[in-house]
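**Q** Below is final_17.csv; it holds CSV, C-alpha atoms and all ligand atoms.
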```csv
chain,number,residue,atom,x,y,z
A,1,GLY,CA,12.2,-11.6,-23.0
A,2,THR,CA,15.2,-11.8,-20.8
A,3,ARG,CA,18.7,-12.0,-22.4
A,4,ARG,CA,22.3,-12.3,-21.5
A,5,ARG,CA,24.4,-9.2,-21.4
A,6,GLY,CA,28.0,-10.1,-20.5
A,7,SER,CA,28.1,-11.5,-17.1
A,8,GLN,CA,24.6,-10.4,-16.2
A,9,ILE,CA,21.0,-11.2,-17.2
A,10,ALA,CA,18.9,-8.3,-18.6
A,11,ILE,CA,15.2,-8.4,-17.5
A,12,PRO,CA,12.8,-6.0,-19.2
A,13,CYS,CA,11.5,-3.6,-16.5
A,14,LEU,CA,9.4,-0.4,-16.2
A,15,PHE,CA,10.3,1.7,-13.2
A,16,MET,CA,7.1,3.4,-12.1
A,17,ARG,CA,5.7,5.7,-9.4
A,18,GLY,CA,2.4,4.4,-8.1
A,19,GLY,CA,0.8,7.0,-5.8
A,20,THR,CA,3.3,7.9,-3.1
A,21,SER,CA,5.4,4.8,-3.7
A,22,ARG,CA,7.9,3.8,-6.4
A,23,GLY,CA,9.5,0.7,-7.7
A,24,PRO,CA,10.3,-1.7,-10.6
A,25,PHE,CA,7.4,-3.5,-12.4
A,26,PHE,CA,8.0,-6.7,-14.3
A,27,ASP,CA,6.0,-9.0,-16.5
A,28,ALA,CA,5.7,-11.9,-14.0
A,29,ARG,CA,6.0,-14.4,-16.8
A,30,LEU,CA,9.6,-13.4,-17.5
A,31,LEU,CA,10.8,-14.0,-13.9
A,32,PRO,CA,11.8,-17.4,-12.4
A,33,GLU,CA,8.8,-19.6,-11.6
A,34,ASP,CA,10.4,-20.9,-8.4
A,35,THR,CA,9.6,-18.3,-5.8
A,36,GLY,CA,12.9,-18.9,-3.9
A,37,VAL,CA,14.9,-18.1,-7.1
A,38,ARG,CA,12.5,-15.2,-7.9
A,39,ASP,CA,13.0,-13.7,-4.4
A,40,THR,CA,16.8,-13.9,-4.8
A,41,VAL,CA,16.5,-12.0,-8.1
A,42,LEU,CA,14.2,-9.4,-6.5
A,43,LEU,CA,16.6,-8.9,-3.6
A,44,ALA,CA,19.5,-8.4,-6.1
A,45,ALA,CA,17.4,-6.0,-8.2
A,46,MET,CA,16.7,-3.8,-5.1
A,47,GLY,CA,20.1,-4.1,-3.5
A,48,SER,CA,18.6,-5.6,-0.2
A,49,PRO,CA,19.6,-6.4,2.5
A,50,ASP,CA,22.1,-3.5,2.4
A,51,PRO,CA,20.5,-0.7,4.3
A,52,ARG,CA,21.5,1.8,1.6
A,53,GLN,CA,20.5,-0.7,-1.2
A,54,ILE,CA,23.6,0.7,-3.0
A,55,ASP,CA,24.0,-2.3,-5.4
A,56,GLY,CA,20.4,-2.1,-6.6
A,57,ILE,CA,17.6,0.3,-7.4
A,58,GLY,CA,15.8,0.4,-4.0
A,59,GLY,CA,15.6,3.9,-2.4
A,60,ALA,CA,16.7,2.9,1.1
A,61,HIS,CA,13.1,3.4,2.5
A,62,PRO,CA,10.2,0.9,2.7
A,63,LEU,CA,8.2,3.2,0.3
A,64,THR,CA,10.8,2.8,-2.4
A,65,SER,CA,11.6,-0.9,-1.7
A,66,LYS,CA,8.5,-2.2,-3.4
A,67,VAL,CA,8.1,-4.4,-6.6
A,68,GLY,CA,5.2,-5.2,-8.9
A,69,LEU,CA,4.9,-8.5,-10.8
A,70,VAL,CA,2.1,-8.2,-13.4
A,71,ARG,CA,0.5,-10.7,-15.8
A,72,PRO,CA,-2.7,-10.9,-17.8
A,73,GLY,CA,-5.7,-12.1,-15.8
A,74,THR,CA,-6.0,-15.9,-15.4
A,75,GLU,CA,-9.4,-15.9,-13.8
A,76,PRO,CA,-12.9,-15.0,-15.1
A,77,GLY,CA,-13.8,-11.3,-14.7
A,78,VAL,CA,-10.1,-10.4,-14.1
A,79,ASP,CA,-8.3,-8.3,-16.8
A,80,VAL,CA,-4.9,-8.0,-15.1
A,81,GLU,CA,-3.4,-9.7,-12.0
A,82,TRP,CA,-0.4,-8.8,-10.0
A,83,THR,CA,1.6,-9.7,-7.0
A,84,PHE,CA,3.1,-7.0,-4.8
A,85,ALA,CA,6.4,-7.7,-3.1
A,86,GLN,CA,7.6,-5.6,-0.2
A,87,MET,CA,11.3,-5.6,0.5
A,88,GLN,CA,13.1,-3.7,3.2
A,89,PRO,CA,16.4,-1.9,3.3
A,90,GLY,CA,18.4,-3.8,5.9
A,91,ARG,CA,16.5,-7.1,5.7
A,92,ASP,CA,16.5,-10.0,3.3
A,93,THR,CA,12.8,-10.6,3.3
A,94,VAL,CA,10.5,-10.6,0.3
A,95,ASP,CA,7.0,-10.3,1.7
A,96,THR,CA,4.0,-11.0,-0.6
A,97,SER,CA,1.5,-11.4,2.2
A,98,SER,CA,-0.1,-8.0,2.3
A,99,ASN,CA,-1.5,-5.4,-0.1
A,100,CYS,CA,-0.2,-2.1,-1.5
A,101,GLY,CA,-2.8,0.3,-2.9
A,102,ASN,CA,-0.2,2.8,-3.9
A,103,MET,CA,1.8,0.5,-6.2
A,104,LEU,CA,-1.6,-0.8,-7.4
A,105,ALA,CA,-2.1,2.6,-9.1
A,106,ALA,CA,0.7,1.8,-11.5
A,107,VAL,CA,-0.5,-1.7,-12.5
A,108,LEU,CA,-3.0,-0.8,-15.2
A,109,PRO,CA,-0.6,1.8,-16.7
A,110,PHE,CA,2.0,-1.0,-16.8
A,111,ALA,CA,-0.4,-3.5,-18.4
A,112,ILE,CA,-1.3,-0.9,-21.1
A,113,GLU,CA,2.4,0.0,-21.7
A,114,THR,CA,3.3,-3.7,-22.2
A,115,GLY,CA,0.3,-4.5,-24.4
A,116,MET,CA,-1.5,-6.8,-21.8
A,117,VAL,CA,-4.5,-4.4,-22.0
A,118,VAL,CA,-5.3,-2.6,-25.3
A,119,PRO,CA,-7.2,0.7,-24.8
A,120,THR,CA,-10.1,1.4,-27.1
A,121,ALA,CA,-11.6,4.6,-25.7
A,122,ASP,CA,-10.5,7.8,-23.9
A,123,LEU,CA,-10.9,6.1,-20.6
A,124,THR,CA,-9.9,2.5,-19.9
A,125,THR,CA,-11.4,0.6,-17.0
A,126,ALA,CA,-10.1,-2.8,-15.9
A,127,ARG,CA,-10.5,-5.2,-13.1
A,128,VAL,CA,-7.2,-5.8,-11.4
A,129,LEU,CA,-6.7,-8.7,-9.0
A,130,THR,CA,-4.1,-8.3,-6.3
A,131,ARG,CA,-2.9,-12.0,-5.8
A,132,ASN,CA,-1.5,-11.2,-2.3
A,133,THR,CA,-4.9,-11.2,-0.7
A,134,GLY,CA,-7.3,-12.0,-3.6
A,135,MET,CA,-8.6,-8.4,-3.6
A,136,VAL,CA,-10.2,-7.1,-6.8
A,137,ALA,CA,-10.2,-3.4,-7.7
A,138,GLU,CA,-11.8,-1.6,-10.6
A,139,ILE,CA,-9.4,0.9,-12.0
A,140,THR,CA,-9.8,3.7,-14.6
A,141,VAL,CA,-7.0,5.6,-16.4
A,142,ALA,CA,-6.9,8.1,-19.2
A,143,THR,CA,-6.0,6.7,-22.6
A,144,PRO,CA,-6.3,9.4,-25.2
A,145,ALA,CA,-5.5,8.9,-28.9
A,146,GLY,CA,-2.1,10.2,-30.1
A,147,PRO,CA,-1.3,12.0,-33.4
A,148,ALA,CA,-1.4,8.6,-35.3
A,149,GLY,CA,-4.6,7.6,-33.6
A,150,VAL,CA,-2.8,5.2,-31.4
A,151,ARG,CA,-4.0,5.2,-27.8
A,152,HIS,CA,-1.5,5.5,-24.9
A,153,VAL,CA,-1.6,6.0,-21.2
A,154,SER,CA,-1.6,9.7,-20.4
A,155,TYR,CA,0.3,10.7,-17.3
A,156,GLU,CA,-0.4,14.4,-17.7
A,157,GLY,CA,-3.2,16.1,-15.8
A,158,GLN,CA,-4.5,18.2,-13.0
A,159,ALA,CA,-5.1,15.5,-10.4
A,160,ARG,CA,-3.1,16.1,-7.2
A,161,ILE,CA,-2.3,13.8,-4.4
A,162,ASP,CA,-0.6,15.0,-1.2
A,163,GLY,CA,2.9,13.6,-1.0
A,164,VAL,CA,3.6,13.9,-4.7
A,165,PRO,CA,4.6,17.3,-6.2
A,166,GLY,CA,2.6,18.7,-9.1
A,167,GLY,CA,-0.4,17.5,-11.1
A,168,ALA,CA,-0.9,14.2,-13.1
A,169,ALA,CA,-3.6,12.2,-14.8
A,170,PRO,CA,-6.1,10.7,-12.3
A,171,VAL,CA,-6.1,7.0,-11.6
A,172,GLU,CA,-9.5,6.1,-10.1
A,173,ILE,CA,-9.6,3.1,-7.8
A,174,GLY,CA,-12.7,1.4,-6.5
A,175,PHE,CA,-12.7,-1.5,-4.0
A,176,LEU,CA,-15.5,-3.8,-3.2
A,177,ASP,CA,-14.1,-6.6,-1.1
A,178,THR,CA,-11.3,-5.4,1.2
A,179,ALA,CA,-12.6,-6.5,4.6
A,180,GLY,CA,-10.4,-9.0,6.3
A,181,SER,CA,-7.6,-9.0,3.7
A,182,VAL,CA,-4.9,-10.5,5.9
A,183,ALA,CA,-6.6,-10.8,9.4
A,184,GLY,CA,-9.6,-12.8,8.0
A,185,SER,CA,-12.3,-10.3,9.0
A,186,LEU,CA,-12.9,-6.6,9.4
A,187,LEU,CA,-12.7,-6.8,13.2
A,188,PRO,CA,-10.6,-9.9,13.9
A,189,THR,CA,-11.3,-9.8,17.7
A,190,GLY,CA,-15.0,-9.3,17.1
A,191,ASN,CA,-14.7,-5.9,18.9
A,192,THR,CA,-14.5,-2.3,17.7
A,193,ARG,CA,-12.3,-1.7,20.8
A,194,ASP,CA,-10.0,-3.9,22.9
A,195,THR,CA,-7.9,-3.2,25.9
A,196,VAL,CA,-4.5,-4.9,25.7
A,197,GLU,CA,-1.8,-5.2,28.3
A,198,VAL,CA,1.6,-4.2,26.9
A,199,PRO,CA,4.9,-4.9,28.7
A,200,GLY,CA,6.4,-1.7,29.9
A,201,VAL,CA,3.4,0.4,28.8
A,202,GLY,CA,0.4,-1.0,30.6
A,203,ALA,CA,-3.2,-1.2,29.5
A,204,VAL,CA,-3.8,0.4,26.1
A,205,ASP,CA,-7.1,0.9,24.2
A,206,VAL,CA,-6.9,-0.1,20.6
A,207,THR,CA,-9.1,-0.7,17.5
A,208,LEU,CA,-7.8,-3.8,15.7
A,209,ILE,CA,-9.2,-3.6,12.1
A,210,ASP,CA,-8.5,-4.8,8.6
A,211,ASN,CA,-10.3,-3.2,5.6
A,212,GLY,CA,-7.5,-3.9,3.2
A,213,GLN,CA,-4.6,-3.4,5.5
A,214,PRO,CA,-4.4,-4.8,9.1
A,215,LEU,CA,-4.1,-1.8,11.4
A,216,VAL,CA,-3.7,-1.2,15.1
A,217,ILE,CA,-5.3,2.1,15.8
A,218,VAL,CA,-4.2,3.8,19.0
A,219,ALA,CA,-4.4,7.3,20.4
A,220,ALA,CA,-1.1,9.1,19.8
A,221,GLU,CA,-1.3,10.6,23.3
A,222,ARG,CA,-1.5,7.1,24.9
A,223,MET,CA,1.8,6.2,23.2
A,224,GLY,CA,3.5,9.5,24.5
A,225,ALA,CA,3.2,11.3,21.2
A,226,THR,CA,1.2,14.3,20.0
A,227,GLY,CA,0.3,12.7,16.7
A,228,TYR,CA,1.5,15.8,14.9
A,229,GLU,CA,5.2,14.9,14.8
A,230,THR,CA,7.1,14.9,11.5
A,231,PRO,CA,8.1,11.4,10.2
A,232,ALA,CA,11.8,12.3,11.0
A,233,GLU,CA,10.8,13.1,14.6
A,234,ILE,CA,9.1,9.8,15.0
A,235,ASP,CA,11.9,7.8,13.3
A,236,ALA,CA,14.4,9.5,15.7
A,237,ASP,CA,12.4,8.7,18.8
A,238,ASN,CA,13.7,5.2,19.8
A,239,GLU,CA,11.7,5.1,23.0
A,240,LEU,CA,8.4,5.9,21.2
A,241,LYS,CA,9.2,3.3,18.5
A,242,ALA,CA,10.0,0.7,21.2
A,243,ARG,CA,6.6,1.3,22.9
A,244,VAL,CA,4.8,1.1,19.5
A,245,GLU,CA,6.6,-2.1,18.6
A,246,ALA,CA,5.8,-3.7,22.0
A,247,LEU,CA,2.1,-2.8,21.3
A,248,ARG,CA,2.4,-4.2,17.8
A,249,LEU,CA,3.6,-7.6,19.0
A,250,VAL,CA,0.8,-8.0,21.5
A,251,CYS,CA,-1.8,-6.9,18.9
A,252,GLY,CA,-0.4,-9.2,16.3
A,253,GLU,CA,-1.3,-12.1,18.6
A,254,ALA,CA,-4.7,-10.6,19.5
A,255,MET,CA,-5.5,-10.3,15.8
A,256,GLY,CA,-4.7,-14.0,15.2
A,257,LEU,CA,-1.6,-13.1,13.1
A,258,GLY,CA,0.8,-14.9,15.4
A,259,ASP,CA,4.3,-13.7,16.1
A,260,VAL,CA,4.7,-10.6,13.8
A,261,THR,CA,8.3,-9.8,14.8
A,262,GLU,CA,9.5,-10.5,11.2
A,263,LYS,CA,6.3,-9.4,9.5
A,264,ASN,CA,5.3,-6.2,7.7
A,265,TYR,CA,1.9,-6.1,9.4
A,266,PRO,CA,0.0,-5.0,11.3
A,267,LYS,CA,0.8,-1.4,10.5
A,268,MET,CA,0.5,1.0,13.4
A,269,THR,CA,-1.7,4.1,13.2
A,270,LEU,CA,-1.3,6.9,15.8
A,271,VAL,CA,-4.5,9.0,15.8
A,272,ALA,CA,-5.2,12.5,17.1
A,273,PRO,CA,-8.0,15.1,16.5
A,274,PRO,CA,-7.9,16.6,13.0
A,275,ARG,CA,-6.0,20.0,12.7
A,276,GLN,CA,-6.6,20.9,9.0
A,277,GLY,CA,-10.3,20.6,8.7
A,278,GLY,CA,-10.2,16.9,8.0
A,279,THR,CA,-11.8,14.0,9.8
A,280,LEU,CA,-8.8,12.4,11.7
A,281,SER,CA,-5.1,13.1,12.0
A,282,THR,CA,-2.8,10.1,11.5
A,283,ARG,CA,0.9,9.0,11.8
A,284,SER,CA,1.5,5.6,10.3
A,285,LEU,CA,4.3,3.2,11.1
A,286,ILE,CA,4.8,0.7,8.3
A,287,PRO,CA,5.5,-0.9,10.7
A,288,ARG,CA,8.9,0.3,12.0
A,289,VAL,CA,9.5,3.4,9.9
A,290,CYS,CA,7.1,6.3,9.8
A,291,HIS,CA,5.2,6.8,6.5
A,292,GLN,CA,5.7,10.1,4.8
A,293,SER,CA,1.9,10.2,4.1
A,294,ILE,CA,-0.3,7.1,4.6
A,295,GLY,CA,-0.8,3.9,2.6
A,296,VAL,CA,-3.9,3.6,0.4
A,297,LEU,CA,-5.5,0.7,2.1
A,298,ALA,CA,-4.2,2.0,5.4
A,299,ALA,CA,-6.2,5.2,4.7
A,300,VAL,CA,-9.3,3.1,3.7
A,301,THR,CA,-9.0,1.1,6.9
A,302,ALA,CA,-8.5,4.2,9.1
A,303,ALA,CA,-11.4,5.8,7.4
A,304,THR,CA,-13.5,2.8,8.1
A,305,ALA,CA,-12.7,2.9,11.8
A,306,CYS,CA,-14.1,6.5,11.8
A,307,VAL,CA,-17.6,5.2,11.0
A,308,LEU,CA,-17.6,2.4,13.6
A,309,GLU,CA,-19.3,3.1,16.9
A,310,ASP,CA,-17.0,3.2,19.9
A,311,SER,CA,-13.7,2.8,17.9
A,312,VAL,CA,-10.5,4.5,19.1
A,313,ALA,CA,-10.5,6.5,15.9
A,314,ARG,CA,-14.1,7.7,16.7
A,315,ASP,CA,-12.8,9.1,20.1
A,316,VAL,CA,-10.8,11.8,18.2
A,317,SER,CA,-12.5,12.1,14.8
A,318,ALA,CA,-14.9,14.7,13.4
A,319,ASP,CA,-18.6,13.6,13.1
A,320,LEU,CA,-19.7,11.8,9.9
A,321,SER,CA,-23.2,11.0,8.7
A,322,GLY,CA,-25.0,9.5,5.7
A,323,THR,CA,-24.5,6.4,3.7
A,324,GLU,CA,-22.0,8.0,1.2
A,325,VAL,CA,-19.3,9.2,3.6
A,326,THR,CA,-16.3,11.3,2.6
A,327,VAL,CA,-13.5,10.9,5.1
A,328,SER,CA,-10.4,13.1,5.0
A,329,VAL,CA,-7.5,11.4,6.6
A,330,GLU,CA,-4.8,13.9,7.6
A,331,HIS,CA,-1.2,12.7,7.4
A,332,PRO,CA,2.3,14.3,7.6
A,333,SER,CA,2.2,15.7,4.0
A,334,GLY,CA,-1.5,16.7,3.7
A,335,GLU,CA,-4.6,14.6,3.5
A,336,PHE,CA,-6.1,11.5,1.8
A,337,THR,CA,-9.7,11.5,0.8
A,338,VAL,CA,-11.6,8.2,0.9
A,339,THR,CA,-15.2,7.8,-0.1
A,340,LEU,CA,-17.0,5.0,1.8
A,341,GLY,CA,-20.4,3.5,0.6
A,342,LEU,CA,-22.2,2.2,3.7
A,343,ASP,CA,-24.9,-0.5,3.6
A,344,PRO,CA,-28.1,1.5,4.3
A,345,ASP,CA,-29.5,-1.5,6.2
A,346,ALA,CA,-26.4,-2.1,8.2
A,347,PRO,CA,-24.5,1.2,8.6
A,348,GLN,CA,-21.6,-0.6,10.3
A,349,GLN,CA,-21.0,-2.5,7.1
A,350,ILE,CA,-18.8,-0.8,4.5
A,351,ALA,CA,-19.9,-2.0,1.0
A,352,ARG,CA,-17.3,-0.2,-1.1
A,353,SER,CA,-14.6,2.4,-1.1
A,354,ALA,CA,-13.2,4.7,-3.7
A,355,LEU,CA,-10.2,7.0,-4.0
A,356,LEU,CA,-7.9,8.9,-6.3
A,357,ARG,CA,-4.3,8.2,-7.1
A,358,THR,CA,-1.8,9.1,-9.8
A,359,ALA,CA,1.0,7.2,-11.4
A,360,ARG,CA,3.9,7.7,-13.8
A,361,LEU,CA,6.3,5.7,-15.9
A,362,VAL,CA,9.6,7.0,-14.8
A,363,MET,CA,12.0,4.8,-16.7
A,364,ALA,CA,11.9,2.0,-19.3
A,365,GLY,CA,14.7,-0.5,-19.9
A,366,ASP,CA,16.3,-3.6,-18.5
A,367,LEU,CA,17.2,-4.4,-15.0
A,368,LEU,CA,20.4,-6.3,-14.7
A,369,VAL,CA,21.3,-9.0,-12.1
A,370,PRO,CA,24.4,-11.1,-12.1
A,371,LEU,CA,24.3,-14.6,-13.7
A,372,SER,CA,25.5,-15.9,-10.4
A,373,VAL,CA,22.1,-14.9,-9.0
A,374,TRP,CA,20.0,-16.3,-11.9
A,375,ASP,CA,21.0,-18.0,-15.1
A,376,PRO,CA,18.1,-18.9,-17.3
A,377,THR,CA,20.3,-19.4,-20.4
B,1,LIG,O1,-1.8,0.6,2.6
B,1,LIG,C1,3.0,1.4,2.6
B,1,LIG,C2,2.3,2.6,0.6
B,1,LIG,C3,2.0,1.5,1.6
B,1,LIG,C4,1.0,0.6,1.5
B,1,LIG,C5,2.9,0.5,3.6
B,1,LIG,C6,-0.3,1.0,0.8
B,1,LIG,C7,-1.6,0.6,1.4
B,1,LIG,O2,2.0,3.7,0.8
B,1,LIG,O3,-2.4,0.2,0.6
B,1,LIG,O4,-0.3,1.7,-0.2
B,1,LIG,O5,2.0,0.4,4.4
B,1,LIG,O6,3.9,-0.3,3.7
B,1,LIG,O7,2.7,2.2,-0.5
```
Represent the structure of the file as C-alpha cells.
**A**
Amino acid sequence: GTRRRGSQIAIPCLFMRGGTSRGPFFDARLLPEDTGVRDTVLLAAMGSPDPRQIDGIGGAHPLTSKVGLVRPGTEPGVDVEWTFAQMQPGRDTVDTSSNCGNMLAAVLPFAIETGMVVPTADLTTARVLTRNTGMVAEITVATPAGPAGVRHVSYEGQARIDGVPGGAAPVEIGFLDTAGSVAGSLLPTGNTRDTVEVPGVGAVDVTLIDNGQPLVIVAAERMGATGYETPAEIDADNELKARVEALRLVCGEAMGLGDVTEKNYPKMTLVAPPRQGGTLSTRSLIPRVCHQSIGVLAAVTAATACVLEDSVARDVSADLSGTEVTVSVEHPSGEFTVTLGLDPDAPQQIARSALLRTARLVMAGDLLVPLSVWDPT
C-alpha cells in the first residue's frame, strides 16, 4: 500500500506505455476515495497545471498527460475495470468523461503485473470495463511461462503499430458496444451530415459521430488546410486552430454536449483523400493540439464514418464493401487498421470493431506526492 517517505507519501505505481500514449497506472483502491482529493493527487503526480509539468511525470503533451486507475471487476462478466483520467499541461482539469483506447491497451498488462488477473495459458483474454463511459472491451495478451513455469506478460514480439518504434507483443482489442459513448448515440443529430454556421468561417459540412469517441469530421480543405500537414505545422498555425475551435464550439452544442470550451471533446478530425494506399487521410486535434497519430476510438469512429452513406468522410475516402470491412486510417505517422463487423441486415449498423495495439511496462516503483497534497497517515 501507500507509505510515508519523509515529507511525502509514496504510492505504488507502474509507468506504462499503452499504444501511442504513456502514463502512470495505479491500483485505484490505493488512491483517495474522495474524487476531489484524488484529483489533487493526480495533478501533483503529473505536475499540472504547469505547461512543462516540470514538478511531475507528465510529458508536457496531452498524449503523455494520461493516468489509469485500475481495480478488479466489480460487476458480473467484468474481469478488470478502470477509469481513465485525462490531464492537460497548462490546465488544472482532471477529465474522466471520455475514453482512451490507447491507455486501455496497458490495463490488462497492469492487472496481470499486480496480480489482479492470474494467467493460466499462453494467451490471456479478459473483459475490461472502462468506467468513464461503461464500455466493455475483450482484450488478449501474451502470457508465456517463464523458466520456473511462472507466467508473465510478454512485451516482446513482432507486432508493430505506427507511432511507436520497433516491434512488441500484440495486444488485441475487440469492442462491441462503443456507439454513443459520450454523445448518447452514434449520430447525435440523427444525420450523417449536417451543415453548421460557424462565426468567421461560414457554412461548414460536418459529420457529427460517436463510435467510442465523439468526433467532428470535416474536410481539411474547408478549414483551409491540405490535411497532409505535420502535427507541428498544425500546432503552429494559430488561425487554422482558431477556425477549428470555433467549429468545435458550434458542433459541441449541435451534438447535445453543451458548452465544450473547457471539455476535451468533441475531438476534431480533418479528413482528406488517402495518399498511402489507405482508406482515408486524417489529422486529429485532441482537441486543441494535433495528435501525432490518431486515438484508438477516434480511429474506430473515423472508420465508422467511412461506411456511412453521405458522410463527410465518404466524400474523400476509398470505396469499401462487404460486411467485414478493413479500414486503413492514415495519420501523421503512418496508418491505423480497424476491422469493422457490419450487421448484414442493416449495413449502416456497426456490430463490432477490432484492432491491434502494443503496450510496455516502462518503470515500476512509487510515485511521490507531498503530504501537504494528501496525508492518509
Ligand atoms: O481515441 C488521444 C490517445 C487518445 C485517445 C485523445 C484514444 C482514443 O491516442 O481512444 O486513444 O484523443 O486525446 O491516447
**Q** Tell me which protein, DNA and RNA residues are within 8 Å of segment 109-126 of chain A, counting all atoms listed in the file, leaving out same-chain ones fewer than 3 positions away, and put them as a list in words.
**A**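 Near neighbours after the sequence-gap exclusion: Leu14, Phe25, Val70, Arg71, Pro72, Val78, Asp79, Val80, Ala105, Ala106, Glu138, Ile139, Thr140, Val141, Ala142, Thr143, Pro144, Ala145, Arg151, His152, Val153, Ala359, Arg360 and Leu361 of chain A.
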**Q** Select, from A:Asp162, A:Glu335, A:Asp194, A:Asp310, the residue with the minimum atom-to-atom distance to Met255 of chain A, counting all atoms listed in the file.
**A**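 Counting all atoms listed in the file, the residue closest to Met255 of chain A is A:Asp194.
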**Q** Which distance in Å separates atom CA of Glu221 of chain A and atom CA of Leu187 of chain A, to one decimal?
**A**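 Distance reported for this atom pair: 23.1 Å.
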**Q** Return as JSON the box centre and box size in Å, one decimal, for an axis-aligned box around all listed atoms of segment 181-188 of chain A padded by 3 Å per side.
**A**
```
{"center_x": -8.9, "center_y": -9.7, "center_z": 8.8, "size_x": 14.0, "size_y": 12.2, "size_z": 16.2}
```
**Q** My list of candidates is A:Leu240, A:Ala44, A:Ile294, A:Leu176. Which is closest to ligand LIG 1 (chain B) when distances are computed with only C-alpha atoms and all ligand atoms?
**A**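 For ligand LIG 1 (chain B), the nearest of the candidates is A:Ile294.
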**Q** Would you mind telling me which residue in A:Leu247, A:Leu31, A:Leu270, A:Leu342 lies nearest to Ala298 of chain A when using only C-alpha atoms?
**A** A:Leu270
**Q** Counting all atoms listed in the file, what is within 8 Å of Thr301 of chain A, bar same-chain residues fewer than 5 positions away, as a list in words?
**A**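 Listed by chain and then number, they are Ile209, Asp210, Asn211, Gly212, Gln213, Pro214 and Leu215 of chain A.
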**Q** When you draw a straight line from atom CA of Pro170 of chain A to atom CA of Gly157 of chain A, how long is it in Å?
**A**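 Computed distance, atom CA of Pro170 of chain A to atom CA of Gly157 of chain A, equals 7.1 Å.
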**Q** When you look at Ser65 of chain A with a cut-off of 9 Å (counting all atoms listed in the file), what residues show up, excluding the ones that are within fewer than 4 positions of it in the same chain? I need them as an MDAnalysis selection string.
**A** chainID A and resid 21:23 46 48 53 57:61 85:89
**Q** Let me see the file: selected residues, C-alpha atoms, as a compact mmCIF listing (two decimals), keeping the file's coordinate frame.
**A**
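Result file is selection.txt:
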```txt
# COMPACT_ATOMS: atom_id res chain seq x y z
CA SER A 21 5.40 4.80 -3.70
CA ARG A 22 7.90 3.80 -6.40
CA GLY A 23 9.50 0.70 -7.70
CA MET A 46 16.70 -3.80 -5.10
CA SER A 48 18.60 -5.60 -0.20
CA GLN A 53 20.50 -0.70 -1.20
CA ILE A 57 17.60 0.30 -7.40
CA GLY A 58 15.80 0.40 -4.00
CA GLY A 59 15.60 3.90 -2.40
CA ALA A 60 16.70 2.90 1.10
CA HIS A 61 13.10 3.40 2.50
CA ALA A 85 6.40 -7.70 -3.10
CA GLN A 86 7.60 -5.60 -0.20
CA MET A 87 11.30 -5.60 0.50
CA GLN A 88 13.10 -3.70 3.20
CA PRO A 89 16.40 -1.90 3.30
```
**Q** Which distance in Å separates atom CA of Tyr228 of chain A and atom CA of Arg275 of chain A, to one decimal?
**A**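 Atom CA of Arg275 of chain A lies 8.9 Å from atom CA of Tyr228 of chain A.
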**Q** Could you check which of A:Gly47, A:Gly256, A:Gly90, A:Pro24 is closest to Gly190 of chain A, using all atoms listed in the file?
**A** A:Gly256
**Q** Restricting the calculation to only C-alpha atoms, which member of A:Thr323, A:Ser328, A:Gln292, A:Asn99 is positioned closest to Asp345 of chain A?
**A**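 Nearest to Asp345 of chain A: A:Thr323.
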**Q** Would you fill the gaps in segment 183-195 of chain A so it has N, CA and C atoms, then print it as a CSV table (one decimal), in the coordinates of the input?
**A**
```
chain,number,residue,atom,x,y,z
A,183,ALA,N,-6.2,-10.4,8.0
A,183,ALA,CA,-6.6,-10.8,9.4
A,183,ALA,C,-7.9,-11.7,9.3
A,184,GLY,N,-8.5,-11.9,8.1
A,184,GLY,CA,-9.6,-12.8,8.0
A,184,GLY,C,-11.0,-12.1,8.1
A,185,SER,N,-11.1,-11.1,8.9
A,185,SER,CA,-12.3,-10.3,9.0
A,185,SER,C,-12.0,-8.9,9.3
A,186,LEU,N,-13.1,-8.0,9.1
A,186,LEU,CA,-12.9,-6.6,9.4
A,186,LEU,C,-12.4,-6.4,10.8
A,187,LEU,N,-13.1,-7.0,11.8
A,187,LEU,CA,-12.7,-6.8,13.2
A,187,LEU,C,-12.3,-8.2,13.7
A,188,PRO,N,-11.0,-8.5,13.6
A,188,PRO,CA,-10.6,-9.9,13.9
A,188,PRO,C,-10.8,-10.4,15.4
A,189,THR,N,-10.9,-9.4,16.3
A,189,THR,CA,-11.3,-9.8,17.7
A,189,THR,C,-12.8,-9.8,17.9
A,190,GLY,N,-13.5,-9.4,16.9
A,190,GLY,CA,-15.0,-9.3,17.1
A,190,GLY,C,-15.4,-8.0,17.7
A,191,ASN,N,-14.4,-7.1,18.1
A,191,ASN,CA,-14.7,-5.9,18.9
A,191,ASN,C,-14.3,-4.7,18.1
A,192,THR,N,-15.0,-3.6,18.3
A,192,THR,CA,-14.5,-2.3,17.7
A,192,THR,C,-13.4,-1.7,18.7
A,193,ARG,N,-13.3,-2.2,19.9
A,193,ARG,CA,-12.3,-1.7,20.8
A,193,ARG,C,-11.9,-2.8,21.7
A,194,ASP,N,-10.6,-2.9,21.9
A,194,ASP,CA,-10.0,-3.9,22.9
A,194,ASP,C,-9.1,-3.1,23.8
A,195,THR,N,-8.9,-3.7,25.0
A,195,THR,CA,-7.9,-3.2,25.9
A,195,THR,C,-6.8,-4.2,26.0
```
